[in-house]
file run-v6.pdb (PDB, C-alpha atoms)
ATOM      1  CA  MET A 238     -13.419 -17.776  -2.513  1.00  0.00           C
ATOM      2  CA  ASN A 239     -17.167 -17.681  -3.199  1.00  0.00           C
ATOM      3  CA  ASN A 240     -17.378 -13.925  -2.607  1.00  0.00           C
ATOM      4  CA  ILE A 241     -15.156 -13.007  -5.583  1.00  0.00           C
ATOM      5  CA  GLU A 242     -16.908 -12.470  -8.920  1.00  0.00           C
ATOM      6  CA  ALA A 243     -14.387 -11.950 -11.725  1.00  0.00           C
ATOM      7  CA  ASP A 244     -13.451 -13.343 -15.122  1.00  0.00           C
ATOM      8  CA  GLU A 245      -9.827 -13.629 -13.998  1.00  0.00           C
ATOM      9  CA  ILE A 246      -8.880 -14.297 -10.375  1.00  0.00           C
ATOM     10  CA  GLN A 247      -5.293 -14.474  -9.123  1.00  0.00           C
ATOM     11  CA  LEU A 248      -4.937 -15.284  -5.436  1.00  0.00           C
ATOM     12  CA  GLY A 249      -1.609 -15.543  -3.660  1.00  0.00           C
ATOM     13  CA  GLU A 250      -0.747 -17.900  -0.839  1.00  0.00           C
ATOM     14  CA  ASN A 251      -2.215 -17.531   2.671  1.00  0.00           C
ATOM     15  CA  VAL A 252      -4.790 -14.934   1.613  1.00  0.00           C
ATOM     16  CA  VAL A 253      -7.529 -14.286   4.184  1.00  0.00           C
ATOM     17  CA  ILE A 254     -10.797 -12.763   2.947  1.00  0.00           C
ATOM     18  CA  SER A 255     -13.728 -12.318   5.317  1.00  0.00           C
ATOM     19  CA  PRO A 256     -16.896 -14.146   4.192  1.00  0.00           C
ATOM     20  CA  SER A 257     -18.761 -10.837   4.473  1.00  0.00           C
ATOM     21  CA  ALA A 258     -16.466  -9.059   1.988  1.00  0.00           C
ATOM     22  CA  VAL A 259     -17.812  -8.354  -1.516  1.00  0.00           C
ATOM     23  CA  ILE A 260     -15.446  -8.357  -4.506  1.00  0.00           C
ATOM     24  CA  ARG A 261     -16.896  -7.766  -8.003  1.00  0.00           C
ATOM     25  CA  GLY A 262     -17.095  -5.323 -10.890  1.00  0.00           C
ATOM     26  CA  THR A 263     -19.201  -2.198 -11.195  1.00  0.00           C
ATOM     27  CA  ASN A 264     -21.842  -4.020 -13.246  1.00  0.00           C
ATOM     28  CA  GLY A 265     -21.533  -7.695 -12.363  1.00  0.00           C
ATOM     29  CA  LYS A 266     -18.276  -9.572 -12.685  1.00  0.00           C
ATOM     30  CA  ALA A 267     -14.945  -7.764 -12.527  1.00  0.00           C
ATOM     31  CA  LYS A 268     -12.557  -8.285 -15.420  1.00  0.00           C
ATOM     32  CA  ARG A 269      -9.614  -9.051 -13.141  1.00  0.00           C
ATOM     33  CA  VAL A 270      -8.928  -9.403  -9.420  1.00  0.00           C
ATOM     34  CA  CYS A 271      -5.368 -10.008  -8.218  1.00  0.00           C
ATOM     35  CA  ILE A 272      -4.548 -10.364  -4.492  1.00  0.00           C
ATOM     36  CA  GLY A 273      -0.988 -11.015  -3.323  1.00  0.00           C
ATOM     37  CA  ASP A 274       0.442 -13.406  -0.743  1.00  0.00           C
ATOM     38  CA  ASN A 275      -0.418 -13.102   2.966  1.00  0.00           C
ATOM     39  CA  THR A 276      -2.935 -10.309   2.404  1.00  0.00           C
ATOM     40  CA  TYR A 277      -5.920  -9.804   4.716  1.00  0.00           C
ATOM     41  CA  ILE A 278      -9.278  -8.330   3.671  1.00  0.00           C
ATOM     42  CA  GLY A 279     -11.597  -7.726   6.610  1.00  0.00           C
ATOM     43  CA  ASP A 280     -15.297  -7.812   7.411  1.00  0.00           C
ATOM     44  CA  HIS A 281     -17.753  -6.029   5.124  1.00  0.00           C
ATOM     45  CA  VAL A 282     -15.042  -4.683   2.827  1.00  0.00           C
ATOM     46  CA  GLN A 283     -16.491  -3.793  -0.590  1.00  0.00           C
ATOM     47  CA  ILE A 284     -14.274  -3.941  -3.670  1.00  0.00           C
ATOM     48  CA  ILE A 285     -16.471  -2.830  -6.573  1.00  0.00           C
ATOM     49  CA  VAL A 286     -13.805  -2.337  -9.233  1.00  0.00           C
ATOM     50  CA  ASP A 287     -13.506  -3.769 -12.747  1.00  0.00           C
ATOM     51  CA  ASP A 288      -9.728  -4.221 -12.559  1.00  0.00           C
ATOM     52  CA  PHE A 289      -8.300  -4.491  -9.030  1.00  0.00           C
ATOM     53  CA  SER A 290      -4.904  -5.562  -7.731  1.00  0.00           C
ATOM     54  CA  ILE A 291      -3.262  -5.448  -4.314  1.00  0.00           C
ATOM     55  CA  GLY A 292       0.173  -6.773  -3.389  1.00  0.00           C
ATOM     56  CA  ASP A 293       1.689  -8.982  -0.696  1.00  0.00           C
ATOM     57  CA  TYR A 294       1.360  -8.547   3.079  1.00  0.00           C
ATOM     58  CA  CYS A 295      -1.415  -5.953   2.890  1.00  0.00           C
ATOM     59  CA  LYS A 296      -4.146  -5.334   5.461  1.00  0.00           C
ATOM     60  CA  VAL A 297      -7.539  -3.912   4.506  1.00  0.00           C
ATOM     61  CA  HIS A 298      -9.613  -3.373   7.614  1.00  0.00           C
ATOM     62  CA  HIS A 299     -13.368  -3.667   7.973  1.00  0.00           C
ATOM     63  CA  HIS A 300     -15.953  -1.519   6.209  1.00  0.00           C
ATOM     64  CA  THR A 301     -13.458  -0.151   3.690  1.00  0.00           C
ATOM     65  CA  ASN A 302     -14.912   0.651   0.264  1.00  0.00           C
ATOM     66  CA  PHE A 303     -13.122   0.559  -3.104  1.00  0.00           C
ATOM     67  CA  HIS A 304     -15.030   1.511  -6.255  1.00  0.00           C
ATOM     68  CA  GLY A 305     -14.449   2.658  -9.814  1.00  0.00           C
ATOM     69  CA  TYR A 306     -14.376   1.859 -13.515  1.00  0.00           C
ATOM     70  CA  LYS A 307     -10.653   2.319 -14.157  1.00  0.00           C
ATOM     71  CA  PRO A 308      -7.858   0.137 -12.723  1.00  0.00           C
ATOM     72  CA  LEU A 309      -7.088   0.407  -9.022  1.00  0.00           C
ATOM     73  CA  ARG A 310      -3.534  -0.698  -8.218  1.00  0.00           C
ATOM     74  CA  ILE A 311      -2.183  -1.041  -4.672  1.00  0.00           C
ATOM     75  CA  GLY A 312       1.389  -2.159  -4.001  1.00  0.00           C
ATOM     76  CA  HIS A 313       2.910  -4.361  -1.306  1.00  0.00           C
ATOM     77  CA  ASN A 314       2.677  -3.843   2.468  1.00  0.00           C
ATOM     78  CA  ALA A 315      -0.300  -1.470   2.375  1.00  0.00           C
ATOM     79  CA  TRP A 316      -2.187  -0.785   5.603  1.00  0.00           C
ATOM     80  CA  ILE A 317      -5.693   0.582   5.048  1.00  0.00           C
ATOM     81  CA  GLY A 318      -7.681   1.537   8.134  1.00  0.00           C
ATOM     82  CA  GLN A 319     -11.318   0.810   8.795  1.00  0.00           C
ATOM     83  CA  GLY A 320     -14.050   2.809   7.113  1.00  0.00           C
ATOM     84  CA  SER A 321     -11.794   4.214   4.408  1.00  0.00           C
ATOM     85  CA  LEU A 322     -12.950   4.937   0.863  1.00  0.00           C
ATOM     86  CA  ILE A 323     -10.754   4.708  -2.235  1.00  0.00           C
ATOM     87  CA  ASP A 324     -12.201   5.741  -5.591  1.00  0.00           C
ATOM     88  CA  SER A 325     -10.791   4.823  -9.023  1.00  0.00           C
ATOM     89  CA  ILE A 326     -13.277   6.375 -11.411  1.00  0.00           C
ATOM     90  CA  GLY A 327     -10.325   8.390 -12.734  1.00  0.00           C
ATOM     91  CA  GLY A 328      -7.828   5.590 -12.080  1.00  0.00           C
ATOM     92  CA  THR A 329      -5.819   5.139  -8.871  1.00  0.00           C
ATOM     93  CA  THR A 330      -2.290   3.878  -8.241  1.00  0.00           C
ATOM     94  CA  ILE A 331      -0.856   3.442  -4.729  1.00  0.00           C
ATOM     95  CA  GLY A 332       2.787   2.435  -4.298  1.00  0.00           C
ATOM     96  CA  ASP A 333       4.447   0.027  -1.880  1.00  0.00           C
ATOM     97  CA  ASN A 334       4.466   0.533   1.895  1.00  0.00           C
ATOM     98  CA  CYS A 335       1.651   3.086   2.058  1.00  0.00           C
ATOM     99  CA  GLY A 336      -0.493   3.736   5.103  1.00  0.00           C
ATOM    100  CA  ILE A 337      -4.050   5.039   4.808  1.00  0.00           C
ATOM    101  CA  GLY A 338      -5.433   5.829   8.236  1.00  0.00           C
ATOM    102  CA  ALA A 339      -8.969   5.006   9.337  1.00  0.00           C
ATOM    103  CA  TYR A 340     -11.892   6.871   7.758  1.00  0.00           C
ATOM    104  CA  SER A 341      -9.795   8.489   5.050  1.00  0.00           C
ATOM    105  CA  GLN A 342     -11.189   9.235   1.585  1.00  0.00           C
ATOM    106  CA  LEU A 343      -9.098   9.147  -1.589  1.00  0.00           C
ATOM    107  CA  TRP A 344     -10.831  10.519  -4.690  1.00  0.00           C
ATOM    108  CA  SER A 345     -10.061  10.480  -8.424  1.00  0.00           C
ATOM    109  CA  HIS A 346     -13.186  12.255  -9.677  1.00  0.00           C
ATOM    110  CA  ILE A 347     -15.662  15.032  -9.035  1.00  0.00           C
ATOM    111  CA  ARG A 348     -19.245  14.709 -10.280  1.00  0.00           C
ATOM    112  CA  TYR A 349     -22.695  15.741  -9.114  1.00  0.00           C
ATOM    113  CA  GLY A 350     -23.930  19.143 -10.343  1.00  0.00           C
ATOM    114  CA  ASP A 351     -26.575  19.222 -13.064  1.00  0.00           C
ATOM    115  CA  PRO A 352     -25.052  19.794 -16.546  1.00  0.00           C
ATOM    116  CA  LEU A 353     -28.409  21.189 -17.733  1.00  0.00           C
ATOM    117  CA  GLU A 354     -27.763  24.075 -15.363  1.00  0.00           C
ATOM    118  CA  GLY A 355     -24.203  24.482 -16.661  1.00  0.00           C
ATOM    119  CA  CYS A 356     -22.324  22.942 -13.745  1.00  0.00           C
ATOM    120  CA  ASN A 357     -18.600  23.695 -14.025  1.00  0.00           C
ATOM    121  CA  TYR A 358     -17.422  20.900 -11.748  1.00  0.00           C
ATOM    122  CA  GLU A 359     -17.223  17.509 -13.382  1.00  0.00           C
ATOM    123  CA  GLY A 360     -14.108  15.510 -14.173  1.00  0.00           C
ATOM    124  CA  ALA A 361     -11.991  12.441 -13.570  1.00  0.00           C
ATOM    125  CA  THR A 362      -8.238  12.612 -13.052  1.00  0.00           C
ATOM    126  CA  PRO A 363      -5.777   9.866 -12.035  1.00  0.00           C
ATOM    127  CA  LEU A 364      -4.793   9.729  -8.375  1.00  0.00           C
ATOM    128  CA  THR A 365      -1.148   8.705  -8.048  1.00  0.00           C
ATOM    129  CA  ILE A 366       0.363   7.855  -4.668  1.00  0.00           C
ATOM    130  CA  GLY A 367       4.078   7.008  -4.443  1.00  0.00           C
ATOM    131  CA  LYS A 368       5.925   4.665  -2.102  1.00  0.00           C
ATOM    132  CA  ASP A 369       5.955   5.060   1.703  1.00  0.00           C
ATOM    133  CA  VAL A 370       3.224   7.704   1.651  1.00  0.00           C
ATOM    134  CA  TRP A 371       1.221   8.021   4.870  1.00  0.00           C
ATOM    135  CA  PHE A 372      -2.218   9.590   5.313  1.00  0.00           C
ATOM    136  CA  VAL A 373      -2.391   9.476   9.095  1.00  0.00           C
ATOM    137  CA  GLY A 374      -6.190   9.270   9.436  1.00  0.00           C
ATOM    138  CA  HIS A 375      -9.465  11.035   8.587  1.00  0.00           C
ATOM    139  CA  CYS A 376      -7.737  12.535   5.529  1.00  0.00           C
ATOM    140  CA  ILE A 377      -9.588  13.657   2.405  1.00  0.00           C
ATOM    141  CA  VAL A 378      -7.475  13.516  -0.741  1.00  0.00           C
ATOM    142  CA  SER A 379      -8.303  15.022  -4.146  1.00  0.00           C
ATOM    143  CA  PRO A 380      -6.936  13.528  -7.394  1.00  0.00           C
ATOM    144  CA  ILE A 381      -3.340  14.613  -6.836  1.00  0.00           C
ATOM    145  CA  ILE A 382       0.183  13.255  -7.163  1.00  0.00           C
ATOM    146  CA  ALA A 383       1.776  12.367  -3.819  1.00  0.00           C
ATOM    147  CA  LYS A 384       5.485  11.718  -4.245  1.00  0.00           C
ATOM    148  CA  ASP A 385       7.397   9.062  -2.284  1.00  0.00           C
ATOM    149  CA  LYS A 386       7.473   9.430   1.514  1.00  0.00           C
ATOM    150  CA  ALA A 387       4.993  12.320   1.621  1.00  0.00           C
ATOM    151  CA  MET A 388       2.811  12.489   4.738  1.00  0.00           C
ATOM    152  CA  ALA A 389      -0.498  14.134   5.653  1.00  0.00           C
ATOM    153  CA  LEU A 390      -1.355  14.709   9.324  1.00  0.00           C
ATOM    154  CA  VAL A 391      -4.663  13.603  10.809  1.00  0.00           C
ATOM    155  CA  GLY A 392      -7.685  15.438   9.439  1.00  0.00           C
ATOM    156  CA  SER A 393      -5.860  16.942   6.466  1.00  0.00           C
ATOM    157  CA  VAL A 394      -7.701  17.961   3.306  1.00  0.00           C
ATOM    158  CA  ILE A 395      -5.268  17.515   0.414  1.00  0.00           C
ATOM    159  CA  THR A 396      -6.065  19.562  -2.706  1.00  0.00           C
ATOM    160  CA  ALA A 397      -2.581  19.987  -4.244  1.00  0.00           C
ATOM    161  CA  ASN A 398       0.355  17.733  -5.123  1.00  0.00           C
ATOM    162  CA  MET A 399       2.602  16.535  -2.281  1.00  0.00           C
ATOM    163  CA  GLU A 400       6.380  16.743  -2.568  1.00  0.00           C
ATOM    164  CA  GLU A 401       8.745  13.917  -1.634  1.00  0.00           C
ATOM    165  CA  ASN A 402       9.250  13.494   2.145  1.00  0.00           C
ATOM    166  CA  HIS A 403       7.251  16.642   2.902  1.00  0.00           C
ATOM    167  CA  VAL A 404       4.631  16.787   5.666  1.00  0.00           C
ATOM    168  CA  TYR A 405       1.261  18.503   5.224  1.00  0.00           C
ATOM    169  CA  GLY A 406      -1.555  19.416   7.575  1.00  0.00           C
ATOM    170  CA  GLY A 407      -4.740  21.448   7.823  1.00  0.00           C
ATOM    171  CA  SER A 408      -7.766  22.224   5.677  1.00  0.00           C
ATOM    172  CA  PRO A 409      -6.770  22.932   3.010  1.00  0.00           C
ATOM    173  CA  ALA A 410      -3.462  21.282   3.842  1.00  0.00           C
ATOM    174  CA  LYS A 411      -0.275  23.359   3.899  1.00  0.00           C
ATOM    175  CA  ASP A 412       3.348  22.248   3.739  1.00  0.00           C
ATOM    176  CA  LEU A 413       4.600  22.108   7.348  1.00  0.00           C
ATOM    177  CA  THR A 414       7.978  20.495   6.663  1.00  0.00           C
ATOM    178  CA  ASP A 415       9.959  23.605   7.668  1.00  0.00           C
ATOM    179  CA  LYS A 416       8.196  23.677  11.040  1.00  0.00           C
ATOM    180  CA  ILE A 417       8.269  19.967  11.937  1.00  0.00           C
ATOM    181  CA  LYS A 418      10.369  16.943  11.026  1.00  0.00           C
ATOM    182  CA  PRO A 419       9.852  15.218   7.665  1.00  0.00           C
ATOM    183  CA  GLN A 420       8.487  11.682   7.805  1.00  0.00           C
ATOM    184  CA  PHE A 421      11.956  10.164   7.189  1.00  0.00           C
ATOM    185  CA  THR A 422      15.556  10.987   8.090  1.00  0.00           C
ATOM    186  CA  PRO A 423      18.025   8.882   6.035  1.00  0.00           C
ATOM    187  CA  LEU A 424      19.930   6.256   8.035  1.00  0.00           C
ATOM    188  CA  SER A 425      23.489   5.153   7.499  1.00  0.00           C
ATOM    189  CA  ILE A 426      24.244   1.547   6.568  1.00  0.00           C
ATOM    190  CA  GLU A 427      25.573   0.944  10.075  1.00  0.00           C
ATOM    191  CA  GLN A 428      22.361   2.288  11.624  1.00  0.00           C
ATOM    192  CA  LYS A 429      20.358  -0.072   9.414  1.00  0.00           C
ATOM    193  CA  ARG A 430      22.585  -2.982  10.418  1.00  0.00           C
ATOM    194  CA  ARG A 431      21.995  -2.182  14.093  1.00  0.00           C
ATOM    195  CA  LEU A 432      18.225  -2.097  13.585  1.00  0.00           C
ATOM    196  CA  MET A 433      18.294  -5.509  11.899  1.00  0.00           C
ATOM    197  CA  ARG A 434      20.369  -7.065  14.693  1.00  0.00           C
ATOM    198  CA  GLN A 435      17.272  -7.217  16.897  1.00  0.00           C
ATOM    199  CA  PHE A 436      15.976 -10.099  14.752  1.00  0.00           C
ATOM    200  CA  ARG A 437      17.000 -13.746  14.756  1.00  0.00           C
ATOM    201  CA  ILE A 438      18.084 -14.559  11.204  1.00  0.00           C
ATOM    202  CA  PRO A 439      17.391 -18.181  10.114  1.00  0.00           C
ATOM    203  CA  ASP A 440      19.960 -20.082   8.068  1.00  0.00           C
ATOM    204  CA  ASP A 441      17.950 -19.718   4.849  1.00  0.00           C
ATOM    205  CA  ILE A 442      17.742 -15.898   5.130  1.00  0.00           C
ATOM    206  CA  LYS A 443      20.671 -13.604   4.430  1.00  0.00           C
ATOM    207  CA  LEU A 444      20.929  -9.838   4.858  1.00  0.00           C
ATOM    208  CA  ILE A 445      22.754  -8.088   2.026  1.00  0.00           C
ATOM    209  CA  GLU A 446      23.598  -4.552   0.951  1.00  0.00           C
ATOM    210  CA  SER A 447      23.875  -5.081  -2.814  1.00  0.00           C
ATOM    211  CA  THR A 448      22.232  -7.315  -5.413  1.00  0.00           C
ATOM    212  CA  SER A 449      25.743  -8.445  -6.389  1.00  0.00           C
ATOM    213  CA  GLU A 450      25.730 -10.515  -3.169  1.00  0.00           C
ATOM    214  CA  ILE A 451      22.883 -12.734  -4.421  1.00  0.00           C
ATOM    215  CA  GLU A 452      24.307 -16.187  -5.173  1.00  0.00           C
ATOM    216  CA  SER A 453      21.568 -18.805  -4.739  1.00  0.00           C
ATOM    217  CA  PRO A 454      18.128 -17.154  -4.889  1.00  0.00           C
ATOM    218  CA  GLU A 455      16.440 -20.559  -5.207  1.00  0.00           C
ATOM    219  CA  LYS A 456      17.783 -21.607  -1.783  1.00  0.00           C
ATOM    220  CA  ILE A 457      18.236 -18.402   0.208  1.00  0.00           C
ATOM    221  CA  SER A 458      15.915 -15.449   0.809  1.00  0.00           C
ATOM    222  CA  TYR A 459      18.106 -12.381   0.381  1.00  0.00           C
ATOM    223  CA  PHE A 460      16.978  -9.188   2.154  1.00  0.00           C
ATOM    224  CA  ASN A 461      18.650  -6.021   0.866  1.00  0.00           C
ATOM    225  CA  ILE A 462      18.697  -3.536   3.753  1.00  0.00           C
ATOM    226  CA  VAL A 463      19.709  -0.671   1.453  1.00  0.00           C
ATOM    227  CA  ASP A 464      16.693  -0.613  -0.892  1.00  0.00           C
ATOM    228  CA  ARG A 465      14.324  -2.834   1.190  1.00  0.00           C
ATOM    229  CA  THR A 466      13.857  -5.510  -1.458  1.00  0.00           C
ATOM    230  CA  TYR A 467      14.048  -9.287  -1.077  1.00  0.00           C
ATOM    231  CA  THR A 468      14.136 -12.414  -3.231  1.00  0.00           C
ATOM    232  CA  LYS A 469      10.768 -14.012  -2.685  1.00  0.00           C
ATOM    233  CA  ARG A 470      10.854 -17.786  -2.100  1.00  0.00           C
ATOM    234  CA  ARG A 471       7.695 -18.227   0.030  1.00  0.00           C
ATOM    235  CA  SER A 472       9.530 -20.443   2.526  1.00  0.00           C
ATOM    236  CA  LYS A 473       8.107 -20.869   6.014  1.00  0.00           C
ATOM    237  CA  ASN A 474      11.005 -18.955   7.560  1.00  0.00           C
ATOM    238  CA  GLU A 475      10.705 -16.143   5.019  1.00  0.00           C
ATOM    239  CA  VAL A 476       6.990 -15.618   5.715  1.00  0.00           C
ATOM    240  CA  ALA A 477       7.568 -15.697   9.487  1.00  0.00           C
ATOM    241  CA  PHE A 478      10.462 -13.243   9.122  1.00  0.00           C
ATOM    242  CA  MET A 479       8.398 -10.851   6.985  1.00  0.00           C
ATOM    243  CA  LYS A 480       5.591 -10.876   9.561  1.00  0.00           C
ATOM    244  CA  GLU A 481       8.056 -10.249  12.387  1.00  0.00           C
ATOM    245  CA  LEU A 482       9.552  -7.339  10.435  1.00  0.00           C
ATOM    246  CA  GLN A 483       6.108  -5.857   9.856  1.00  0.00           C
ATOM    247  CA  SER A 484       5.333  -6.097  13.573  1.00  0.00           C
ATOM    248  CA  LYS A 485       8.190  -3.575  13.952  1.00  0.00           C
ATOM    249  CA  LEU A 486       6.899  -1.546  10.953  1.00  0.00           C
ATOM    250  CA  ILE A 487       9.840  -2.634   8.764  1.00  0.00           C
ATOM    251  CA  LYS A 488       8.727  -3.347   5.190  1.00  0.00           C
ATOM    252  CA  PHE A 489      10.434  -5.136   2.287  1.00  0.00           C
ATOM    253  CA  SER A 490       9.093  -5.554  -1.253  1.00  0.00           C
ATOM    254  CA  PRO A 491       9.902  -8.484  -3.572  1.00  0.00           C
ATOM    255  CA  ILE A 492      12.452  -7.976  -6.321  1.00  0.00           C
ATOM    256  CA  LEU A 493      10.596  -7.938  -9.608  1.00  0.00           C
ATOM    257  CA  PRO A 494      11.545 -10.760 -12.005  1.00  0.00           C
TER     258      PRO A 494
END
call {"tool": "encode", "arguments": {"input": "run-v6.pdb", "output": "structure tokens"}}
result
Amino acid sequence: MNNIEADEIQLGENVVISPSAVIRGTNGKAKRVCIGDNTYIGDHVQIIVDDFSIGDYCKVHHHTNFHGYKPLRIGHNAWIGQGSLIDSIGGTTIGDNCGIGAYSQLWSHIRYGDPLEGCNYEGATPLTIGKDVWFVGHCIVSPIIAKDKAMALVGSVITANMEENHVYGGSPAKDLTDKIKPQFTPLSIEQKRRLMRQFRIPDDIKLIESTSEIESPEKISYFNIVDRTYTKRRSKNEVAFMKELQSKLIKFSPILP
């Protein structure tokens, strides 16, 4: 990858990076760039971050901009829409399975006013986004904490922390969970089984409901439908199965070693 400038580069398998993408540090080479398996980075994406990592099966669409001095960490299965901006001057962490709709802006700092005039607004604060968080599109997000499964409706301006599985909307955004459905309603095991029956399961993939069912992780890819984790083997059938799942918006993350 000739368009990556970094002292340390870790690229997963089947990574696709557009030739027009730029990946480097804020002042020359980045210290570290880590991109997971089967991740796509589109046309004219700019990643100007000194320490950047993104997980497996992510999609970063064209004209997205990442920048900042502190580490920017993005988990597995992220979907980042075109024209989005993600800042890590204060440090940014985004969990697994997050969706960031087109033209959204995620900020971890505020800085412009002249200090010689006594400007009161300057600072950098970590932005922390949990798992399964969804900013639907055209969202502007301050350096907040968004807990797992939180959701912001299109055009929201988020200035305060977001609670788990709560839905927000407006400018400034308000909690609308009592008026509309939360993003997720828990499913029973049987409902999850029924959802998974729509897929053809190859011989080297097994659906399980507990890690105690794992017997031969070096031969079989085990997919736990309870916590949405799997034993990553990188087999042809596993990759095809993961892509088919994602086409139905179903997301699994690898079990950490």
call {"tool": "resolve_selection", "arguments": {"input": "run-v6.pdb", "expression": "the PyMOL selection byres ((chain A and resi 297) around 10)", "output": "PyMOL selection string"}}
result
chain A and resi 254+276-280+282+291+295-296+298-302+315-321+337
call {"tool": "atom_distance", "arguments": {"input": "run-v6.pdb", "atom1": "CA of Phe478 (chain A)", "atom2": "CA of Arg310 (chain A)"}}
result
25.6 Å
call {"tool": "residues_near_point", "arguments": {"input": "run-v6.pdb", "point": "(-9.6, 15.8, -3.6)", "cutoff": "6 Å", "atoms": "all atoms listed in the file", "output": "list in words"}}
result
Trp344, Val378, Ser379, Pro380 and Thr396 of chain A
call {"tool": "write_last_selection", "arguments": {"input": "run-v6.pdb", "atoms": "C-alpha atoms", "output": "PDB file, keeping the file's coordinate frame"}}
result
ATOM      1  CA  TRP A 344     -10.831  10.519  -4.690  1.00  0.00           C
ATOM      2  CA  VAL A 378      -7.475  13.516  -0.741  1.00  0.00           C
ATOM      3  CA  SER A 379      -8.303  15.022  -4.146  1.00  0.00           C
ATOM      4  CA  PRO A 380      -6.936  13.528  -7.394  1.00  0.00           C
ATOM      5  CA  THR A 396      -6.065  19.562  -2.706  1.00  0.00           C
TER       6      THR A 396
END
call {"tool": "atom_distance", "arguments": {"input": "run-v6.pdb", "atom1": "CA of Asp287 (chain A)", "atom2": "CA of Ile326 (chain A)"}}
result
10.2 Å
call {"tool": "residues_around", "arguments": {"input": "run-v6.pdb", "residues": "region 266-270 of chain A", "least_positions_apart": "3", "cutoff": "9 Å", "atoms": "only C-alpha atoms", "output": "short mmCIF file (atom, residue, chain, number, x, y, z; two decimals) with C-alpha atoms, keeping the file's coordinate frame"}}
result
data_model
loop_
_atom_site.label_atom_id
_atom_site.label_comp_id
_atom_site.auth_asym_id
_atom_site.auth_seq_id
_atom_site.Cartn_x
_atom_site.Cartn_y
_atom_site.Cartn_z
CA ILE A 241 -15.16 -13.01 -5.58
CA GLU A 242 -16.91 -12.47 -8.92
CA ALA A 243 -14.39 -11.95 -11.72
CA ASP A 244 -13.45 -13.34 -15.12
CA GLU A 245 -9.83 -13.63 -14.00
CA ILE A 246 -8.88 -14.30 -10.38
CA GLN A 247 -5.29 -14.47 -9.12
CA LEU A 248 -4.94 -15.28 -5.44
CA ILE A 260 -15.45 -8.36 -4.51
CA ARG A 261 -16.90 -7.77 -8.00
CA GLY A 262 -17.10 -5.32 -10.89
CA THR A 263 -19.20 -2.20 -11.20
CA ILE A 285 -16.47 -2.83 -6.57
CA VAL A 286 -13.80 -2.34 -9.23
CA ASP A 287 -13.51 -3.77 -12.75
CA ASP A 288 -9.73 -4.22 -12.56
CA PHE A 289 -8.30 -4.49 -9.03
CA SER A 290 -4.90 -5.56 -7.73
CA ILE A 291 -3.26 -5.45 -4.31
#
call {"tool": "resolve_selection", "arguments": {"input": "run-v6.pdb", "expression": "the PyMOL selection byres ((chain A and resi 480-485) around 10)", "output": "list in words"}}
result
Asn275, Tyr294, Asn314, Met433, Phe436, Arg437, Asn474, Glu475, Val476, Ala477, Phe478, Met479, Leu486, Ile487, Lys488 and Phe489 of chain A
call {"tool": "atom_distance", "arguments": {"input": "run-v6.pdb", "atom1": "CA of Ala258 (chain A)", "atom2": "CA of Asp324 (chain A)"}}
result
17.2 Å
call {"tool": "axis_aligned_box", "arguments": {"input": "run-v6.pdb", "around": "region 311-329 of chain A", "padding_each_side": "5 Å", "output": "JSON"}}
result
{"center_x": -5.6, "center_y": 2.0, "center_z": -2.0, "size_x": 27.0, "size_y": 22.8, "size_z": 31.5}
call {"tool": "residues_around", "arguments": {"input": "run-v6.pdb", "residues": "Val391 (chain A)", "least_positions_apart": "2", "cutoff": "12 Å", "atoms": "all atoms listed in the file", "output": "list of chain:residue names"}}
result
A:Ile337, A:Gly338, A:Ala339, A:Tyr340, A:Ser341, A:Trp371, A:Phe372, A:Val373, A:Gly374, A:His375, A:Cys376, A:Ile377, A:Val378, A:Met388, A:Ala389, A:Ser393, A:Val394, A:Ile395, A:Val404, A:Tyr405, A:Gly406, A:Gly407, A:Ser408, A:Ala410
call {"tool": "resolve_selection", "arguments": {"input": "run-v6.pdb", "expression": "the PyMOL selection byres ((chain A and resi 356-369) around 8)", "output": "number ranges by chain"}}
result
A: 325-336, 344-355, 370-371, 379-387
call {"tool": "residues_around", "arguments": {"input": "run-v6.pdb", "residues": "Arg470 (chain A)", "least_positions_apart": "5", "cutoff": "8 Å", "atoms": "all atoms listed in the file", "output": "PyMOL selection string"}}
result
chain A and resi 454-458+475
call {"tool": "residues_around", "arguments": {"input": "run-v6.pdb", "residues": "Tyr459 (chain A)", "least_positions_apart": "6", "cutoff": "10 Å", "atoms": "only C-alpha atoms", "output": "MDAnalysis selection string"}}
result
chainID A and resid 441:448 450:453 466:470 475 491:492
call {"tool": "closest_residue", "arguments": {"input": "run-v6.pdb", "among": "A:Ala397, A:Ile272, A:Leu322, A:Ile284", "to": "Asp412 (chain A)", "atoms": "all atoms listed in the file"}}
result
A:Ala397
call {"tool": "build_atoms", "arguments": {"input": "run-v6.pdb", "residues": "region 417-422 of chain A", "atoms": "N, CA and C atoms", "output": "PDB file, in the coordinates of the input"}}
result
ATOM      1  N   ILE A 417       8.165  21.241  11.229  1.00  0.00           N
ATOM      2  CA  ILE A 417       8.269  19.967  11.937  1.00  0.00           C
ATOM      3  C   ILE A 417       9.176  19.032  11.140  1.00  0.00           C
ATOM      4  N   LYS A 418       9.496  17.894  11.709  1.00  0.00           N
ATOM      5  CA  LYS A 418      10.369  16.943  11.026  1.00  0.00           C
ATOM      6  C   LYS A 418       9.673  16.346   9.810  1.00  0.00           C
ATOM      7  N   PRO A 419      10.435  16.016   8.752  1.00  0.00           N
ATOM      8  CA  PRO A 419       9.852  15.218   7.665  1.00  0.00           C
ATOM      9  C   PRO A 419       9.534  13.812   8.172  1.00  0.00           C
ATOM     10  N   GLN A 420       8.829  13.039   7.359  1.00  0.00           N
ATOM     11  CA  GLN A 420       8.487  11.682   7.805  1.00  0.00           C
ATOM     12  C   GLN A 420       9.750  10.830   7.999  1.00  0.00           C
ATOM     13  N   PHE A 421      10.765  11.013   7.150  1.00  0.00           N
ATOM     14  CA  PHE A 421      11.956  10.164   7.189  1.00  0.00           C
ATOM     15  C   PHE A 421      13.230  10.995   7.272  1.00  0.00           C
ATOM     16  N   THR A 422      14.185  10.488   8.067  1.00  0.00           N
ATOM     17  CA  THR A 422      15.556  10.987   8.090  1.00  0.00           C
ATOM     18  C   THR A 422      16.448   9.842   7.629  1.00  0.00           C
TER      19      THR A 422
END
